[in-house]
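Containing PDB, C-alpha atoms: data_30.pdb.
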ATOM      1  CA  MET A  28       9.566  20.316  19.983
ATOM      2  CA  GLU A  29      12.641  22.173  18.830
ATOM      3  CA  ALA A  30      12.440  24.155  15.627
ATOM      4  CA  MET A  31      14.272  22.686  12.681
ATOM      5  CA  THR A  32      16.424  24.442  10.129
ATOM      6  CA  VAL A  33      17.701  22.662   7.048
ATOM      7  CA  TRP A  34      20.032  24.236   4.524
ATOM      8  CA  TYR A  35      20.070  23.009   0.927
ATOM      9  CA  ASN A  36      22.530  23.923  -1.768
ATOM     10  CA  THR A  37      20.182  24.478  -4.691
ATOM     11  CA  VAL A  38      22.799  23.584  -7.301
ATOM     12  CA  GLY A  39      24.105  20.303  -5.951
ATOM     13  CA  ARG A  40      20.852  19.442  -4.164
ATOM     14  CA  THR A  41      22.776  18.399  -1.105
ATOM     15  CA  ALA A  42      21.606  18.969   2.418
ATOM     16  CA  VAL A  43      22.747  18.978   6.011
ATOM     17  CA  ARG A  44      19.892  18.066   8.318
ATOM     18  CA  ARG A  45      19.557  18.353  12.043
ATOM     19  CA  THR A  46      17.644  15.536  13.711
ATOM     20  CA  HIS A  47      14.259  16.613  14.936
ATOM     21  CA  ALA A  48      11.790  15.225  17.430
ATOM     22  CA  LEU A  49       9.590  12.954  15.315
ATOM     23  CA  ALA A  50       7.838  11.362  18.255
ATOM     24  CA  ALA A  51       6.564  14.702  19.484
ATOM     25  CA  LYS A  52       5.241  15.675  16.070
ATOM     26  CA  HIS A  53       3.816  12.261  15.183
ATOM     27  CA  PRO A  54       2.259  10.753  18.325
ATOM     28  CA  ALA A  55       1.033   7.702  16.417
ATOM     29  CA  VAL A  56       4.640   6.547  16.106
ATOM     30  CA  GLY A  57       6.510   4.990  18.989
ATOM     31  CA  ALA A  58       5.199   3.644  22.256
ATOM     32  CA  ALA A  59       1.604   4.676  21.582
ATOM     33  CA  ALA A  60       1.546   2.504  18.490
ATOM     34  CA  GLY A  61       3.443  -0.382  20.030
ATOM     35  CA  GLY A  62       6.750   0.515  18.402
ATOM     36  CA  LYS A  63       6.128  -1.510  15.233
ATOM     37  CA  THR A  64       9.201  -2.737  13.399
ATOM     38  CA  MET A  65       7.520  -4.983  10.826
ATOM     39  CA  LYS A  66       8.325  -4.018   7.241
ATOM     40  CA  VAL A  67       5.559  -3.283   4.755
ATOM     41  CA  VAL A  68       6.137  -4.497   1.183
ATOM     42  CA  ILE A  69       4.073  -2.703  -1.477
ATOM     43  CA  LEU A  70       3.798  -4.030  -5.031
ATOM     44  CA  ALA A  71       4.143  -0.982  -7.278
ATOM     45  CA  GLY A  72       5.890  -2.172 -10.437
ATOM     46  CA  GLY A  73       3.122  -3.042 -12.887
ATOM     47  CA  PHE A  74       2.179  -1.235 -16.087
ATOM     48  CA  GLY A  75      -1.343  -0.226 -15.034
ATOM     49  CA  THR A  76      -2.711  -0.828 -18.516
ATOM     50  CA  ARG A  77      -6.366  -0.560 -17.460
ATOM     51  CA  ILE A  78      -5.825   3.020 -16.372
ATOM     52  CA  SER A  79      -3.551   3.938 -19.269
ATOM     53  CA  GLU A  80      -4.967   7.475 -19.431
ATOM     54  CA  GLU A  81      -2.929   8.126 -16.272
ATOM     55  CA  SER A  82      -0.263   5.410 -16.286
ATOM     56  CA  VAL A  83       1.227   6.527 -19.595
ATOM     57  CA  LEU A  84       3.053   9.172 -17.556
ATOM     58  CA  LYS A  85       3.494   7.461 -14.192
ATOM     59  CA  PRO A  86       3.119   4.079 -12.489
ATOM     60  CA  LYS A  87      -0.421   3.422 -11.263
ATOM     61  CA  PRO A  88       0.481   3.751  -7.549
ATOM     62  CA  MET A  89       1.506   7.345  -8.297
ATOM     63  CA  VAL A  90      -1.894   8.289  -9.761
ATOM     64  CA  GLU A  91      -3.280  10.962  -7.461
ATOM     65  CA  ILE A  92      -6.369  11.008  -5.283
ATOM     66  CA  GLY A  93      -6.958  14.417  -3.754
ATOM     67  CA  GLY A  94      -3.564  15.664  -4.896
ATOM     68  CA  LYS A  95      -1.637  12.754  -3.333
ATOM     69  CA  PRO A  96      -0.585   9.465  -4.959
ATOM     70  CA  ILE A  97      -2.735   6.512  -3.964
ATOM     71  CA  LEU A  98       0.554   5.007  -2.753
ATOM     72  CA  TRP A  99       0.715   7.813  -0.172
ATOM     73  CA  HIS A 100      -2.829   7.046   0.985
ATOM     74  CA  ILE A 101      -1.904   3.384   1.483
ATOM     75  CA  MET A 102       1.236   4.292   3.415
ATOM     76  CA  LYS A 103      -0.648   6.761   5.612
ATOM     77  CA  GLY A 104      -3.021   3.959   6.558
ATOM     78  CA  TYR A 105      -0.170   1.663   7.590
ATOM     79  CA  ALA A 106       1.608   4.465   9.447
ATOM     80  CA  HIS A 107      -1.549   5.179  11.440
ATOM     81  CA  TYR A 108      -1.181   1.733  12.987
ATOM     82  CA  GLY A 109       2.542   2.192  13.574
ATOM     83  CA  TYR A 110       3.987   0.460  10.504
ATOM     84  CA  THR A 111       6.411   2.979   9.022
ATOM     85  CA  ASP A 112       9.168   0.908   7.379
ATOM     86  CA  PHE A 113       8.243   0.490   3.716
ATOM     87  CA  ILE A 114       9.775  -1.476   0.857
ATOM     88  CA  ILE A 115       8.408  -0.411  -2.535
ATOM     89  CA  CYS A 116       8.677  -3.049  -5.283
ATOM     90  CA  ALA A 117       9.136  -0.725  -8.245
ATOM     91  CA  GLY A 118       9.437  -1.471 -11.946
ATOM     92  CA  TYR A 119       7.594   0.505 -14.616
ATOM     93  CA  LYS A 120       8.602   4.190 -14.460
ATOM     94  CA  GLN A 121      10.305   3.601 -11.127
ATOM     95  CA  ASP A 122      12.082   6.931 -11.456
ATOM     96  CA  VAL A 123       8.780   8.699 -10.733
ATOM     97  CA  ILE A 124       8.498   6.937  -7.375
ATOM     98  CA  LYS A 125      12.134   7.577  -6.485
ATOM     99  CA  GLN A 126      11.888  11.252  -7.428
ATOM    100  CA  TYR A 127       8.718  11.660  -5.382
ATOM    101  CA  PHE A 128      10.374  10.476  -2.186
ATOM    102  CA  PHE A 129      13.631  12.268  -2.989
ATOM    103  CA  ASP A 130      11.704  15.553  -3.091
ATOM    104  CA  TYR A 131       9.127  14.652  -0.439
ATOM    105  CA  TYR A 132      10.813  16.589   2.345
ATOM    106  CA  LEU A 133      11.110  19.709   0.218
ATOM    107  CA  HIS A 134       7.588  19.586  -1.182
ATOM    108  CA  ASN A 135       6.067  19.331   2.289
ATOM    109  CA  ALA A 136       7.884  22.268   3.823
ATOM    110  CA  ASP A 137       7.853  26.043   3.967
ATOM    111  CA  VAL A 138      11.061  27.332   2.418
ATOM    112  CA  SER A 139      13.036  30.556   2.135
ATOM    113  CA  PHE A 140      15.290  31.156  -0.881
ATOM    114  CA  ASP A 141      18.402  33.316  -0.716
ATOM    115  CA  LEU A 142      19.196  34.010  -4.344
ATOM    116  CA  ALA A 143      22.390  35.894  -3.524
ATOM    117  CA  THR A 144      23.984  32.832  -1.909
ATOM    118  CA  ASN A 145      22.096  30.254  -3.951
ATOM    119  CA  THR A 146      20.793  28.523  -0.839
ATOM    120  CA  MET A 147      17.424  27.495   0.469
ATOM    121  CA  GLN A 148      16.351  27.297   4.102
ATOM    122  CA  VAL A 149      13.610  24.908   5.174
ATOM    123  CA  LEU A 150      11.636  26.724   7.840
ATOM    124  CA  ASN A 151       9.444  23.814   8.891
ATOM    125  CA  SER A 152       8.445  20.483   7.435
ATOM    126  CA  HIS A 153       5.449  18.196   7.348
ATOM    127  CA  ALA A 154       7.473  15.166   6.309
ATOM    128  CA  GLU A 155       6.454  11.746   7.552
ATOM    129  CA  PRO A 156       8.504   9.624   9.985
ATOM    130  CA  TRP A 157       8.844   6.890   7.378
ATOM    131  CA  LYS A 158      11.722   4.809   6.118
ATOM    132  CA  VAL A 159      11.146   4.133   2.418
ATOM    133  CA  THR A 160      13.243   1.685   0.412
ATOM    134  CA  VAL A 161      12.505   1.734  -3.323
ATOM    135  CA  VAL A 162      13.783  -1.406  -5.049
ATOM    136  CA  ASP A 163      14.088  -1.954  -8.788
ATOM    137  CA  THR A 164      12.372  -5.335  -9.135
ATOM    138  CA  GLY A 165      12.447  -5.357 -12.928
ATOM    139  CA  LEU A 166      10.233  -4.087 -15.695
ATOM    140  CA  ASN A 167       8.446  -7.323 -16.617
ATOM    141  CA  THR A 168       8.753  -9.223 -13.340
ATOM    142  CA  MET A 169       5.561 -10.829 -12.032
ATOM    143  CA  THR A 170       4.128 -10.176  -8.570
ATOM    144  CA  GLY A 171       5.739 -13.212  -6.957
ATOM    145  CA  GLY A 172       9.063 -12.454  -8.562
ATOM    146  CA  ARG A 173       9.005  -8.903  -7.223
ATOM    147  CA  ILE A 174       8.514 -10.207  -3.698
ATOM    148  CA  LYS A 175      11.367 -12.686  -4.140
ATOM    149  CA  ARG A 176      13.665  -9.868  -5.270
ATOM    150  CA  VAL A 177      13.191  -7.900  -2.035
ATOM    151  CA  GLN A 178      13.937 -10.901   0.196
ATOM    152  CA  PRO A 179      17.419  -9.529   1.080
ATOM    153  CA  TYR A 180      15.741  -6.416   2.516
ATOM    154  CA  ILE A 181      13.368  -8.461   4.663
ATOM    155  CA  GLY A 182      15.517 -11.318   5.902
ATOM    156  CA  GLY A 183      13.864 -13.862   8.163
ATOM    157  CA  GLU A 184      11.219 -11.544   9.539
ATOM    158  CA  THR A 185       7.434 -11.542   9.368
ATOM    159  CA  PHE A 186       6.296  -8.788   7.005
ATOM    160  CA  MET A 187       3.209  -7.023   5.684
ATOM    161  CA  LEU A 188       2.394  -7.174   1.977
ATOM    162  CA  THR A 189      -0.137  -5.318  -0.161
ATOM    163  CA  TYR A 190      -0.872  -3.964  -3.616
ATOM    164  CA  GLY A 191      -0.149  -0.371  -4.595
ATOM    165  CA  ASP A 192      -3.619   0.418  -5.927
ATOM    166  CA  GLY A 193      -6.102  -0.431  -3.159
ATOM    167  CA  VAL A 194      -7.237   1.487  -0.073
ATOM    168  CA  SER A 195      -9.135   0.188   2.943
ATOM    169  CA  ASN A 196     -10.004   0.903   6.550
ATOM    170  CA  ILE A 197      -8.654  -2.457   7.739
ATOM    171  CA  ASP A 198      -7.445  -2.491  11.343
ATOM    172  CA  LEU A 199      -3.891  -3.565  10.622
ATOM    173  CA  ASN A 200      -3.002  -4.177  14.263
ATOM    174  CA  ALA A 201      -5.934  -6.584  14.511
ATOM    175  CA  LEU A 202      -4.829  -8.225  11.255
ATOM    176  CA  GLU A 203      -1.348  -8.819  12.645
ATOM    177  CA  ALA A 204      -2.794 -10.275  15.859
ATOM    178  CA  PHE A 205      -5.116 -12.531  13.809
ATOM    179  CA  HIS A 206      -2.159 -13.779  11.769
ATOM    180  CA  ARG A 207      -0.064 -14.593  14.808
ATOM    181  CA  ALA A 208      -2.977 -16.360  16.507
ATOM    182  CA  HIS A 209      -3.534 -18.704  13.542
ATOM    183  CA  GLY A 210       0.101 -19.514  12.755
ATOM    184  CA  ARG A 211      -0.162 -19.809   8.967
ATOM    185  CA  THR A 212       2.534 -18.841   6.467
ATOM    186  CA  VAL A 213       0.338 -16.174   4.870
ATOM    187  CA  THR A 214      -2.807 -14.442   6.060
ATOM    188  CA  MET A 215      -4.663 -12.580   3.319
ATOM    189  CA  SER A 216      -7.502 -10.148   3.755
ATOM    190  CA  SER A 217     -10.598 -11.309   1.902
ATOM    191  CA  TYR A 218     -13.602  -9.278   0.885
ATOM    192  CA  ASN A 219     -17.076 -10.089  -0.384
ATOM    193  CA  VAL A 220     -17.489  -8.109  -3.600
ATOM    194  CA  GLY A 221     -21.226  -8.688  -3.426
ATOM    195  CA  GLN A 222     -23.783  -9.216  -6.133
ATOM    196  CA  GLN A 223     -24.930  -6.237  -8.172
ATOM    197  CA  PHE A 224     -28.220  -7.576  -9.492
ATOM    198  CA  GLY A 225     -31.151  -9.709  -8.434
ATOM    199  CA  VAL A 226     -30.583 -13.449  -8.582
ATOM    200  CA  LEU A 227     -32.327 -16.172 -10.577
ATOM    201  CA  ASP A 228     -32.795 -19.552  -8.950
ATOM    202  CA  VAL A 229     -32.331 -22.041 -11.775
ATOM    203  CA  GLY A 230     -32.896 -25.798 -11.557
ATOM    204  CA  ALA A 231     -30.621 -28.446 -13.041
ATOM    205  CA  ASP A 232     -32.816 -28.600 -16.148
ATOM    206  CA  GLY A 233     -32.510 -24.868 -16.737
ATOM    207  CA  VAL A 234     -35.994 -24.047 -15.516
ATOM    208  CA  VAL A 235     -36.195 -20.814 -13.529
ATOM    209  CA  THR A 236     -37.672 -21.671 -10.140
ATOM    210  CA  GLY A 237     -37.601 -18.229  -8.619
ATOM    211  CA  PHE A 238     -36.295 -14.689  -8.660
ATOM    212  CA  ARG A 239     -35.094 -13.008  -5.505
ATOM    213  CA  GLU A 240     -33.132 -10.011  -4.309
ATOM    214  CA  LYS A 241     -29.386 -10.344  -3.874
ATOM    215  CA  GLN A 242     -28.074 -11.722  -0.599
ATOM    216  CA  GLU A 243     -24.715 -11.418   1.130
ATOM    217  CA  LEU A 244     -23.845 -15.026   0.296
ATOM    218  CA  ASP A 245     -24.338 -14.410  -3.434
ATOM    219  CA  GLY A 246     -21.088 -12.470  -3.692
ATOM    220  CA  SER A 247     -17.578 -13.794  -4.235
ATOM    221  CA  MET A 248     -14.739 -13.642  -1.727
ATOM    222  CA  ILE A 249     -11.620 -12.148  -3.276
ATOM    223  CA  ASN A 250      -8.062 -11.475  -2.151
ATOM    224  CA  ILE A 251      -7.681  -7.726  -1.554
ATOM    225  CA  GLY A 252      -4.068  -7.782  -0.402
ATOM    226  CA  PHE A 253      -3.298  -6.439   3.062
ATOM    227  CA  MET A 254      -1.468  -9.676   3.873
ATOM    228  CA  VAL A 255       0.806 -10.749   6.680
ATOM    229  CA  CYS A 256       3.555 -13.131   5.569
ATOM    230  CA  GLU A 257       6.171 -15.356   7.114
ATOM    231  CA  PRO A 258       9.522 -15.758   5.315
ATOM    232  CA  GLY A 259       8.363 -19.255   4.307
ATOM    233  CA  LEU A 260       6.533 -17.501   1.457
ATOM    234  CA  PHE A 261       9.869 -17.066  -0.327
ATOM    235  CA  ASP A 262      10.304 -20.850  -0.474
ATOM    236  CA  VAL A 263       7.316 -21.288  -2.794
ATOM    237  CA  ILE A 264       8.321 -18.522  -5.224
ATOM    238  CA  ASP A 265      10.570 -19.740  -8.049
ATOM    239  CA  GLY A 266      11.658 -16.542  -9.778
ATOM    240  CA  ASP A 267      10.742 -13.511 -11.862
ATOM    241  CA  ASP A 268       8.031 -15.298 -13.858
ATOM    242  CA  THR A 269       6.127 -16.431 -10.771
ATOM    243  CA  VAL A 270       2.694 -14.883 -10.249
ATOM    244  CA  LEU A 271       2.006 -14.646  -6.514
ATOM    245  CA  GLU A 272      -1.699 -15.353  -6.914
ATOM    246  CA  LYS A 273      -1.065 -18.576  -8.869
ATOM    247  CA  ALA A 274       1.438 -21.278  -7.831
ATOM    248  CA  PRO A 275       2.680 -19.774  -4.519
ATOM    249  CA  LEU A 276      -0.710 -19.116  -2.917
ATOM    250  CA  GLU A 277      -2.245 -22.218  -4.490
ATOM    251  CA  THR A 278       0.583 -24.313  -3.036
ATOM    252  CA  LEU A 279       0.130 -22.800   0.412
ATOM    253  CA  ALA A 280      -3.629 -23.407   0.185
ATOM    254  CA  ARG A 281      -3.115 -27.114  -0.638
ATOM    255  CA  GLN A 282      -0.710 -27.409   2.290
ATOM    256  CA  GLY A 283      -3.098 -25.713   4.723
ATOM    257  CA  ARG A 284      -0.705 -22.793   5.205
ATOM    258  CA  LEU A 285      -2.924 -20.005   3.813
ATOM    259  CA  GLN A 286      -5.336 -18.174   6.122
ATOM    260  CA  SER A 287      -8.182 -15.846   5.172
ATOM    261  CA  CYS A 288      -9.211 -12.912   7.332
ATOM    262  CA  CYS A 289     -12.567 -11.522   6.196
ATOM    263  CA  HIS A 290     -12.826  -7.740   6.041
ATOM    264  CA  THR A 291     -16.332  -6.319   6.257
ATOM    265  CA  GLY A 292     -15.473  -2.614   6.172
ATOM    266  CA  PHE A 293     -14.405  -0.427   3.255
ATOM    267  CA  TRP A 294     -12.133  -1.505   0.411
ATOM    268  CA  LYS A 295     -11.690  -0.089  -3.064
ATOM    269  CA  CYS A 296      -9.220  -0.885  -5.814
ATOM    270  CA  MET A 297      -8.341   1.837  -8.316
ATOM    271  CA  ASP A 298      -8.458  -0.369 -11.379
ATOM    272  CA  ASN A 299      -9.581   2.192 -13.941
ATOM    273  CA  VAL A 300     -10.507   5.848 -14.423
ATOM    274  CA  ARG A 301     -14.038   5.238 -13.136
ATOM    275  CA  ASP A 302     -12.608   3.888  -9.872
ATOM    276  CA  LYS A 303     -10.294   6.882  -9.621
ATOM    277  CA  LYS A 304     -13.226   9.286  -9.983
ATOM    278  CA  GLN A 305     -15.176   7.439  -7.302
ATOM    279  CA  LEU A 306     -12.233   7.683  -4.899
ATOM    280  CA  GLU A 307     -11.788  11.366  -5.761
ATOM    281  CA  THR A 308     -15.445  12.006  -4.950
ATOM    282  CA  LEU A 309     -15.149  10.249  -1.591
ATOM    283  CA  TRP A 310     -11.997  12.193  -0.729
ATOM    284  CA  ALA A 311     -13.553  15.519  -1.734
ATOM    285  CA  SER A 312     -16.550  14.784   0.502
ATOM    286  CA  GLY A 313     -14.307  14.962   3.558
ATOM    287  CA  ASN A 314     -15.454  11.506   4.651
ATOM    288  CA  ALA A 315     -13.144   9.149   2.785
ATOM    289  CA  PRO A 316     -13.682   5.788   4.545
ATOM    290  CA  TRP A 317     -10.017   4.780   4.267
ATOM    291  CA  LYS A 318      -8.762   7.968   5.944
ATOM    292  CA  VAL A 319      -8.237   6.491   9.413
ATOM    293  CA  TRP A 320      -5.447   8.918  10.276
ATOM    294  CA  GLN A 321      -5.659  12.416  11.725
ATOM    295  CA  GLU A 322      -3.863  15.367  10.134
TER     296      GLU A 322
END
Would you mind writing the file out in structure tokens?
Amino acid sequence: MEAMTVWYNTVGRTAVRRTHALAAKHPAVGAAAGGKTMKVVILAGGFGTRISEESVLKPKPMVEIGGKPILWHIMKGYAHYGYTDFIICAGYKQDVIKQYFFDYYLHNADVSFDLATNTMQVLNSHAEPWKVTVVDTGLNTMTGGRIKRVQPYIGGETFMLTYGDGVSNIDLNALEAFHRAHGRTVTMSSYNVGQQFGVLDVGADGVVTGFREKQELDGSMINIGFMVCEPGLFDVIDGDDTVLEKAPLETLARQGRLQSCCHTGFWKCMDNVRDKKQLETLWASGNAPWKVWQE
């Protein structure tokens, strides 16, 4: 692959860039990954009130795990399977997300500064072969409303959709194939959250008839995101006040247009500081289950 030199004017922050051979540097992109063109929509506009210790300064998807925003971890997972065209539904502190990607190229490169000419030369870069569109979907817009607002960027295409605070080792190629095979408007990944404690068997009269260890069936199936959606989803979203998980998905369920794809591997949502610490510990161990990509 040819070497790349990029010159920045450090005052105006402008740059002239020479195209470089992404396919050679990132073998997961291109023919080897099936040449994916499907867009990935990531909901990243909420306030993150349950992790306010971190979100007071940044949106929750920008809270770091191992020195990288959890948003980056999610995107790396999608890119591993060839999905590299992202639409970020931003809202609260959206400037943090925009600034991160504006500076991404610079922060992942070796640079040489010439103070006499006030220029900076990028010697090499570890930037990703991603297209990232950050859309202001409003400060108080609900999840469904945020999706509706990015419709012009999606058009009439099938698209991926997920939340900006959960990581998983889901095989996204298999998920897409599952969605296409079943022909529903939306396929959501579901996960059994399990049962933490032993279970009481209680009769109708309240009498305890037994006590047993937890079983797989005792848990609850929940929506963990990682969805595949047809543009028909937009038709059941009214506007900014629409919560995706309420009327839109409930409507599709009644109409038989909502499919569940059960995931039995790893999934973890960073809902609070305790969750963040657990993810940090997994990452520091060198065996983070969601790290399906190779450096």
(request) Report the distance between atom CA of A:Glu272 and atom CA of A:Phe253 in Å, rounded to one decimal place. (result) 13.5 Å
(request) For A:Glu203, list every protein, DNA or RNA residue within 9 Å, evaluated using all atoms listed in the file, and leave out those in the same chain fewer than 3 positions away; present the list as a ChimeraX atom specification. (result) /A:187,198-200,206-208,214,254-255
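Considering only C-alpha atoms, the residue among A:Lys273, A:Thr212, A:Tyr180, A:Pro96 positioned nearest to A:Glu307 is A:Pro96.
You can rank A:Val177, A:Ala154, A:Val213, A:Val83 by their closest distance to A:Glu322 using all atoms listed in the file, and at the top of that list sits A:Ala154.
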(message) Suppose a student applies the PyMOL selection byres ((chain A and resi 162) around 10) to this structure; what residues should they get, written as a list in words?
(response) Ala71, Gly72, Ile114, Ile115, Cys116, Ala117, Gly118, Gln121, Lys125, Val159, Thr160, Val161, Asp163, Thr164, Gly165, Arg173, Arg176, Val177 and Tyr180 of chain A
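Nearest to A:Gly171 of all the residues A:Val220, A:Leu285, A:Ile264, A:Leu70 is A:Ile264, based on only C-alpha atoms.
Pairwise distance (atom CA of A:Ser152, atom CA of A:Lys85) equals 25.7 Å.
Using all atoms listed in the file, the shortest contact distance between A:Asn219 and any of A:Trp99, A:Lys295, A:Glu257, A:Gly266 is found at A:Lys295.
Nearest residue to A:Val270, choosing from A:Thr170, A:Asp192, A:Thr146, A:Pro179 and counting all atoms listed in the file: A:Thr170.
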(message) Report, in Å to a single decimal, how far apart atom CA of A:Ile124 and atom CA of A:Ser139 are.
(response) 25.9 Å
Show me, as JSON, the centre and edge lengths in Å to one decimal of the axis-aligned box that covers every listed atom of stretch 274-288 of chain A with 5 Å on each side.
{"center_x": -3.3, "center_y": -20.2, "center_z": -0.2, "size_x": 21.9, "size_y": 24.5, "size_z": 25.2}
Fix up stretch 264-289 of chain A with N, CA and C atoms, then write it as a tab-separated table (two decimals), in the coordinates of the input.
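Once written, part_16.tsv looks like this:
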chain	number	residue	atom	x	y	z
A	264	ILE	N	8.20	-19.42	-4.07
A	264	ILE	CA	8.32	-18.52	-5.22
A	264	ILE	C	9.59	-18.90	-5.99
A	265	ASP	N	9.43	-19.27	-7.26
A	265	ASP	CA	10.57	-19.74	-8.05
A	265	ASP	C	11.45	-18.60	-8.55
A	266	GLY	N	10.85	-17.61	-9.19
A	266	GLY	CA	11.66	-16.54	-9.78
A	266	GLY	C	10.80	-15.45	-10.38
A	267	ASP	N	11.40	-14.70	-11.31
A	267	ASP	CA	10.74	-13.51	-11.86
A	267	ASP	C	9.40	-13.80	-12.54
A	268	ASP	N	9.25	-14.99	-13.11
A	268	ASP	CA	8.03	-15.30	-13.86
A	268	ASP	C	6.90	-15.82	-12.97
A	269	THR	N	7.13	-15.88	-11.68
A	269	THR	CA	6.13	-16.43	-10.77
A	269	THR	C	5.08	-15.39	-10.41
A	270	VAL	N	3.82	-15.73	-10.63
A	270	VAL	CA	2.69	-14.88	-10.25
A	270	VAL	C	2.27	-15.28	-8.84
A	271	LEU	N	2.32	-14.36	-7.91
A	271	LEU	CA	2.01	-14.65	-6.51
A	271	LEU	C	0.67	-15.35	-6.36
A	272	GLU	N	-0.33	-14.87	-7.09
A	272	GLU	CA	-1.70	-15.35	-6.91
A	272	GLU	C	-1.93	-16.73	-7.54
A	273	LYS	N	-0.94	-17.25	-8.24
A	273	LYS	CA	-1.06	-18.58	-8.87
A	273	LYS	C	-0.36	-19.62	-8.01
A	274	ALA	N	0.77	-20.14	-8.48
A	274	ALA	CA	1.44	-21.28	-7.83
A	274	ALA	C	1.75	-21.06	-6.35
A	275	PRO	N	2.32	-19.91	-5.94
A	275	PRO	CA	2.68	-19.77	-4.52
A	275	PRO	C	1.49	-19.88	-3.58
A	276	LEU	N	0.44	-19.09	-3.82
A	276	LEU	CA	-0.71	-19.12	-2.92
A	276	LEU	C	-1.51	-20.41	-3.07
A	277	GLU	N	-1.55	-20.95	-4.30
A	277	GLU	CA	-2.24	-22.22	-4.49
A	277	GLU	C	-1.53	-23.34	-3.75
A	278	THR	N	-0.21	-23.32	-3.76
A	278	THR	CA	0.58	-24.31	-3.04
A	278	THR	C	0.34	-24.21	-1.54
A	279	LEU	N	0.37	-23.00	-1.02
A	279	LEU	CA	0.13	-22.80	0.41
A	279	LEU	C	-1.28	-23.25	0.79
A	280	ALA	N	-2.25	-23.00	-0.09
A	280	ALA	CA	-3.63	-23.41	0.18
A	280	ALA	C	-3.73	-24.93	0.28
A	281	ARG	N	-3.08	-25.64	-0.66
A	281	ARG	CA	-3.12	-27.11	-0.64
A	281	ARG	C	-2.47	-27.66	0.63
A	282	GLN	N	-1.44	-26.96	1.11
A	282	GLN	CA	-0.71	-27.41	2.29
A	282	GLN	C	-1.34	-26.94	3.60
A	283	GLY	N	-2.44	-26.21	3.52
A	283	GLY	CA	-3.10	-25.71	4.72
A	283	GLY	C	-2.33	-24.61	5.41
A	284	ARG	N	-1.56	-23.84	4.64
A	284	ARG	CA	-0.70	-22.79	5.20
A	284	ARG	C	-1.18	-21.39	4.82
A	285	LEU	N	-2.38	-21.30	4.25
A	285	LEU	CA	-2.92	-20.00	3.81
A	285	LEU	C	-4.19	-19.71	4.60
A	286	GLN	N	-4.21	-18.56	5.27
A	286	GLN	CA	-5.34	-18.17	6.12
A	286	GLN	C	-6.06	-16.98	5.51
A	287	SER	N	-7.38	-16.98	5.62
A	287	SER	CA	-8.18	-15.85	5.17
A	287	SER	C	-8.70	-15.08	6.38
A	288	CYS	N	-8.65	-13.78	6.30
A	288	CYS	CA	-9.21	-12.91	7.33
A	288	CYS	C	-10.23	-12.01	6.64
A	289	CYS	N	-11.50	-12.23	6.91
A	289	CYS	CA	-12.57	-11.52	6.20
A	289	CYS	C	-12.69	-10.08	6.68
